[in-house]
Structures are given as structure tokens and as C-alpha cells.
Amino acid sequence: MTTPTTDRSISRAQRQKMPVALDVAVEIAKHNGVCIRPIVLRRLDVRTGQSEDVNVPCGATRETVCPPCAKRNRYLRMAQCREGWHLDAEPATTPDEADEQQRWLIEFRADVQAKRDAAERNGTPEEVADWDEAITGIDEEIRAAGMRGTLSGRNAGKRSRSTRRRQDAPDLPKRAMNPTTLGRTFTGANGAVYRPSMFITLTLPSYGRIRAGQGVPVDPSTYDYRRAARDALHFSKLVDRFVQNLRRVAGYDVQYFASVEPQKRLAPHLHMAVRGTLPRAEIKQIAAATYHQVWWPAVDEVRFEGEHLPVWAPRADLPEGGTYPDGQDGDYLDPVTGELLPTWDEALDQLDQDDEAEPLHVLRFGDQVDVQGVLAGTPDADQCIRYLSKYLTKSLGESLDTDDAARRDHAARLVEALRYEPCSPSCPNWLRYGVQPKGAKAGMAPGRCRGKAHKPEHLGYAGRRVLVSRKWSNKTLTEHRRDRRTWVLEALGLADDPAKSDPHRYLWKPVPAGDGDVPSLALRLLRMVAERQRWRATLLARQAEAAGRPVPDLSAIREAA
């Protein structure tokens with residue numbers, strides 16, 4: 001028999017050994033798949049005027065933050081991958097015909113644009129501003145009428161360089177593009193038709209010898225941490241180039257579902273499920289010919305470090321609240337000479353004018369390229385889907401929290417190599433090399449970038465962990481989540497009320513911290529667990545009825561009795 005916690009005869013040590021009720025509630029919530037960090041939102045029904053507090057799952061994708069939400073997100077990604085991988089029919093992507101109201105809005109927009117252009121030619125800025133305001137309102141009406149896209153177009157020119165391929169990169173074959181997203185079919189000897197797909201794994205090149213099974217360099221002094229850091233920073237761009245080359249060679253609009261994961265050596269690598277198939281030799285040829293050039297200013301010379309850092313000087317205010325073309329309200333100066341550091345656009349202009357300039361960095365894939373053919377409905381397909389989503393609940397840098405001193409030191413050296421590497425045009429690290437970041441502002445300092453790439457848990461990779469092409473399943477992740485909700489409601493015998501699904505019926509707002517009407521976390525978890533258990537019992541009962549089995553009694557009260 002357990003001792004009650006109110007018994008003062010027990011010692012402090014015995015009391016400390018007793019489990020905490022809130023911790024037990026959290027563990028029970030995890031066991032039942034209930035979010036342990038629910039967010040309280042106040043929902044107002046605009047029709048009835050009634051309001052209620054709703055516990056909304058936090059939606060975390062990392063297991064260290066909220067295991068139930070991370071597991072739910074992983075299963076959702078698995079369903080998304082499975083639904084689009086082996087399609088045998090084109091996803092519907094043809095836009096609907098415009099109605100009369102939409103056509104009239106476009107014609108009206110054209111008339112207003114013509115009057116705005118005429119006012120600009122006549123040199124009447126006040127009238128131009130009035131027409132611009134009217135155009136903004138019409139564009140909002142166009143979006144509200146159910147049309148996507150914009151009619152304004154690109155306002156600023158796009159900087160580009162020569163697209164001529166490097167001499168050290170092999171050429172690739174190019175096939176005529178077919179307007180399809182489906183791969184080829186093959187007919188077997190028995191007359192069965194097969195439409196195979198691919199599972200591709202791409203890795204980055206070697207930066208030095210690695211101890212087998214440990215993922216740490218044999219000699220850290222010869223390991224190229226700088227190159228490893230730059231490859232991680234721009235890995236997402238290299239993946240984009242691979243997809244472009246893959247589509248050119250395949251001759252159709254290749255669709256893919258990919259995930260980025262860390263290797264033991266802490267370098268990112270890619271697993272990609274591809275709809276359709278190509279010869280393995282061509283895939284390896286595409287990987288070998290794919291590269292990405294980073295045309296950024298040079299960072300070979302460190303101009304400012306330690307206490308010798310650029311100083312901020314505000315610019316003069318423009319009349320009538322105007323702004324400078326580059327969006328800055330000041331500049332960084334050399335603290336000794338007072339010389340203005342070149343802005344980001346000026347640094348790129350100097351780079352464009354130099355005919356002998358070389359890219360800051362060139363990325364390529366490594367020699368290890370794995371290609372597997374996969375058929376729909378086979379155990380291999382399920383295994384590949386599980387492998388694609390295996391590490392989605394973990395961060396790239398989760399291996400930093402390890403008891404292995406060699407791995408911990410290896411990760412620390414990589415993070416240190418990333419510290420002063422510019423991660424983007426707006427990274428404060430550009431000041432270290434004498435260039436103002438894009439959109440520079442006061443308070444910037446080298447080595448203090450708040451970008452995602454510089455955080456240890458991301459190991460330099462700031463891109464998305466899951467990459468899905470637009471026509472993979474022709475559904476967004478929200479639509480896949482809605483499909484799962486519909487299935488659960490149907491299994492529970494509940495009808496989805498269209499009125500409650502109306503996005504304009506409810507107004508949502510966060511509940512401020514310290515609100516006295518919000519129950520404690522423990523009480524909210526208990527209510528959510530009870531509701532989840534009730535749903536599960538109903539679902540199991542309906543499944544048992546459908547199979548002709550006796551209905552199980554899963555009530556915790558009955559067990560206690």
C-alpha cells in the first residue's frame with residue numbers, strides 16, 4: 001500500500017522519490033497521442049456570438065519538443081508520400097474558366113492601368129499616386145473574386161550571369177518535353193503492365209578520411225571544415241539544380257518527394273522518391289554533371305575583427321517620409337578611414353564587371369549515388385516510405401548531444417567553421433569582409449547572425465527538411481490533414497457539419513498569459529486524454545461491429561471497479 005503524500009511522518013527523501021502528478025499526466029498524454037503543449041485559442045462564433053476556449057495542438061515537428069505532434073506529422077508525411085508516388089493518372093491541374101465578374105474586373109483593371117500610365121507620361125505625380133491606390137484596391141478585389149496570381153509583374157530587374165556550363169562539367173542529353181508527370185510503363189511476359197518508380201540517395205563529396213562507423217575525421221587538421229560548411233549552407237540550391245537537370249534528361253515533368261537528413265559525419269544528404277524511372281547510368285550521369293556556383297563577393301580577406309569593427313552612420317532623412325532605393329537608412333563605415341563600405345548591390349556590380357571573377361564556391365555531389373527501382377504496393381515501397389520519414393522527428397544537429405567526445409568535438413569544429421561564413425545576402429558576417437549586408441541596419445556584428453543556418457541544431461542547412469513538388473499528389477499538407485480528419489469522423493459515425501467548416505464563421509485569437517479563465521495545463525491534459533480515449537473506444541467498437549467481434553470495454557473506470 002502506498003503512503004499518502006500528506007503523511008508528515010515520511011522523510012523528505014521518500015517524498016522526493018514519489019512521482020509528480022503533472023509528470024504522470026504528461027506521460028499518459030504521450031501514450032494516448034495527445035499534445036503535451038496545447039495552445040489555448042479563444043473561438044468566437046460570429047453567428048451566435050458565443051465564445052469558447054479551444055486547446056489546439058502545438059504542431060511541433062521535433063520529438064524533443066512534443067512527441068505526439070511530431071509522430072502525427074511524420075505519419076501525415078508518410079501518407080502524402082504514399083498517395084503521390086505511384087499515380088497512374090495525371091493529377092487535375094487545369095484551371096476553371098473565368099466567369100463574367102472575373103472578366104469584367106480584368107477589363108476594368110486594364111482601363112485603370114491605361115489612365116495611370118497616361119498620368120505618368122503627363123508628369124502629374126499626385127494623380128499617379130491616386131491611380132496606384134485605386135489599382136491596389138482593384139487587385140484586392142481580383143484576389144477576393146477567386147483568381148490567383150498578380151498582374152503587377154516584376155518591379156525590379158533580376159540580376160543574372162552567363163548560363164554557359166563549366167568546362168569541367170560533362171554535358172547531358174536533352175529530350176523533348178512531354179506534358180505529363182507520369183513515367184513509362186512496361187508490359188511483362190504475362191501481360192501485366194508495370195509503372196516502376198525510383199528511390200534515389202545523393203550525398204556530398206568527401207572532405208577527408210572518416211573513421212568507419214564513427215563519423216569523425218581520422219585527422220581533424222586535414223579535414224576541410226570550410227568546404228563542408230559552405231556545402232551545407234548551399235545544399236538546397238544544389239538539389240534544385242539536380243531536379244532541373246533530371247527533368248531535362250527525362251523529358252517529362254518529374255515529380256518528387258524528398259527529405260534531407262544528416263549523415264554520421266554531419267553532412268546533409270538527400271533521399272528522393274521519384275515518380276517514373278530512368279536508367280541508373282543516366283541518374284549517376286546527371287548527379288556527376290550537376291553543380292551550383294555561388295556568385296558572391298570574395299571572403300578571402302578578413303578586414304574587420306575583434307574590436308576593429310565597422311561603425312554605423314545614419315543617412316539624412318528624405319523629404320515627405322521617402323526611403324532610399326536600397327531600403328537602408330544608414331551605412332557602415334571603416335572606423336579608421338571613415339570610408340563607406342560598399343553596399344550589397346555595389347559589391348555585386350563590381351563582381352559583374354570583373355570578367356576574370358571566379359565564383360565564391362562551387363558545389364557538387366559526391367560519387368556515392370544509390371538508385372533503386374520500386375513497384376507500387378510492394379514491401380520495398382513501404383520500406384522506402386518509412387526510411388524517407390525516419391528522421392523527420394529529429395533535428396539535423398541532434399547528434400550534438402552525444403556522450404562521444406570525438407563526435408562532440410567534430411560537431412564543435414563544424415559549428416565554429418560556420419560562425420563567420422555568410423549564410424545569405426543579409427547575413428551580418430559580410431561586415432567582416434568589408435561589405436554591407438543587404439538591407440543593413442544598426443546593431444549588426446560579424447559572428448552574431450540569427451539566421452537558421454548558424455544555429456548548432458541545423459548544422460548549416462537552412463532549407464526545408466521535406467521537399468515536395470507541386471504536382472506530387474495535387475494536394476497541400478493541409479488538405480492531406482483534412483482527408484485524415486474526414487476518415488476519422490466517418491469511422492466514428494459523425495457527420496462533418498459544413499456550417500462548422502466555414503472558414504468565415506469563427507474568429508480566433510490567442511488567450512493572453514495569466515488569463516484566470518484558462519484551466520491549468522494538468523487539467524487541460526486530463527480532459528484531452530479523456531476525449532481521446534472516448535474517441536478510441538468508439539472507433540474500436542465500430543471496427544469490432546463491422547468484423548462481427550464482441551465490443552471491448554476499454555473504460556478505465558470499469559477496470560478500477
# chains A, B, ... in the order shown; residues from 1 in each chain; ligands from 1

call {"tool": "select_by_dssp", "arguments": {"residues": "segment 66-303 of chain A", "states": "alpha helix (DSSP H)", "output": "PyMOL selection string"}}
result
chain A and resi 67-85+100-121+125-144+225-233+235-250+280-289

call {"tool": "residues_around", "arguments": {"residues": "segment 263-276 of chain A", "least_positions_apart": "4", "cutoff": "8 Å", "atoms": "only C-alpha atoms", "output": "ChimeraX atom specification"}}
result
/A:85-87,181-184,195-204,210,214-217,228,232,235,254-259,388,396-397,411,459,461

call {"tool": "closest_residue", "arguments": {"among": "A:Arg536, A:Arg549, A:Lys390, A:Arg77", "to": "Val488 of chain A", "atoms": "only C-alpha atoms"}}
result
A:Arg536

call {"tool": "closest_residue", "arguments": {"among": "A:Pro503, A:Leu414, A:Cys69, A:Lys475", "to": "Val34 of chain A", "atoms": "only C-alpha atoms"}}
result
A:Cys69

call {"tool": "residues_around", "arguments": {"residues": "His292 of chain A", "least_positions_apart": "3", "cutoff": "12 Å", "atoms": "only C-alpha atoms", "output": "list in words"}}
result
Thr163, Arg165, Arg166, Ala169, Arg230, Asp231, Leu233, His234, Phe235, Ser236, Lys237, Leu238, Val239, Asp240, Arg241, Phe242, Gln244, Asn245, Ala287, Ala288, Ala289, Trp295, Pro359, Leu360, His361, Val362, Leu363, Arg364 and Phe365 of chain A

call {"tool": "closest_residue", "arguments": {"among": "A:Pro91, A:Glu107, A:Arg116, A:Pro67", "to": "Ala129 of chain A", "atoms": "only C-alpha atoms"}}
result
A:Arg116

call {"tool": "select_by_dssp", "arguments": {"residues": "segment 5-209 of chain A", "states": "strand (DSSP E)", "output": "list of chain:residue names"}}
result
A:Ile39, A:Val40, A:Leu41, A:Arg42, A:Arg43, A:Leu44, A:Asp45, A:Ser51, A:Glu52, A:Asp53, A:Val54, A:Asn55, A:Val56, A:Phe186, A:Thr187, A:Val193, A:Tyr194, A:Ser197, A:Met198, A:Phe199, A:Ile200, A:Thr201, A:Leu202

call {"tool": "closest_residue", "arguments": {"among": "A:Thr476, A:Asn178, A:Asn429, A:Ser395", "to": "Thr64 of chain A", "atoms": "only C-alpha atoms"}}
result
A:Ser395
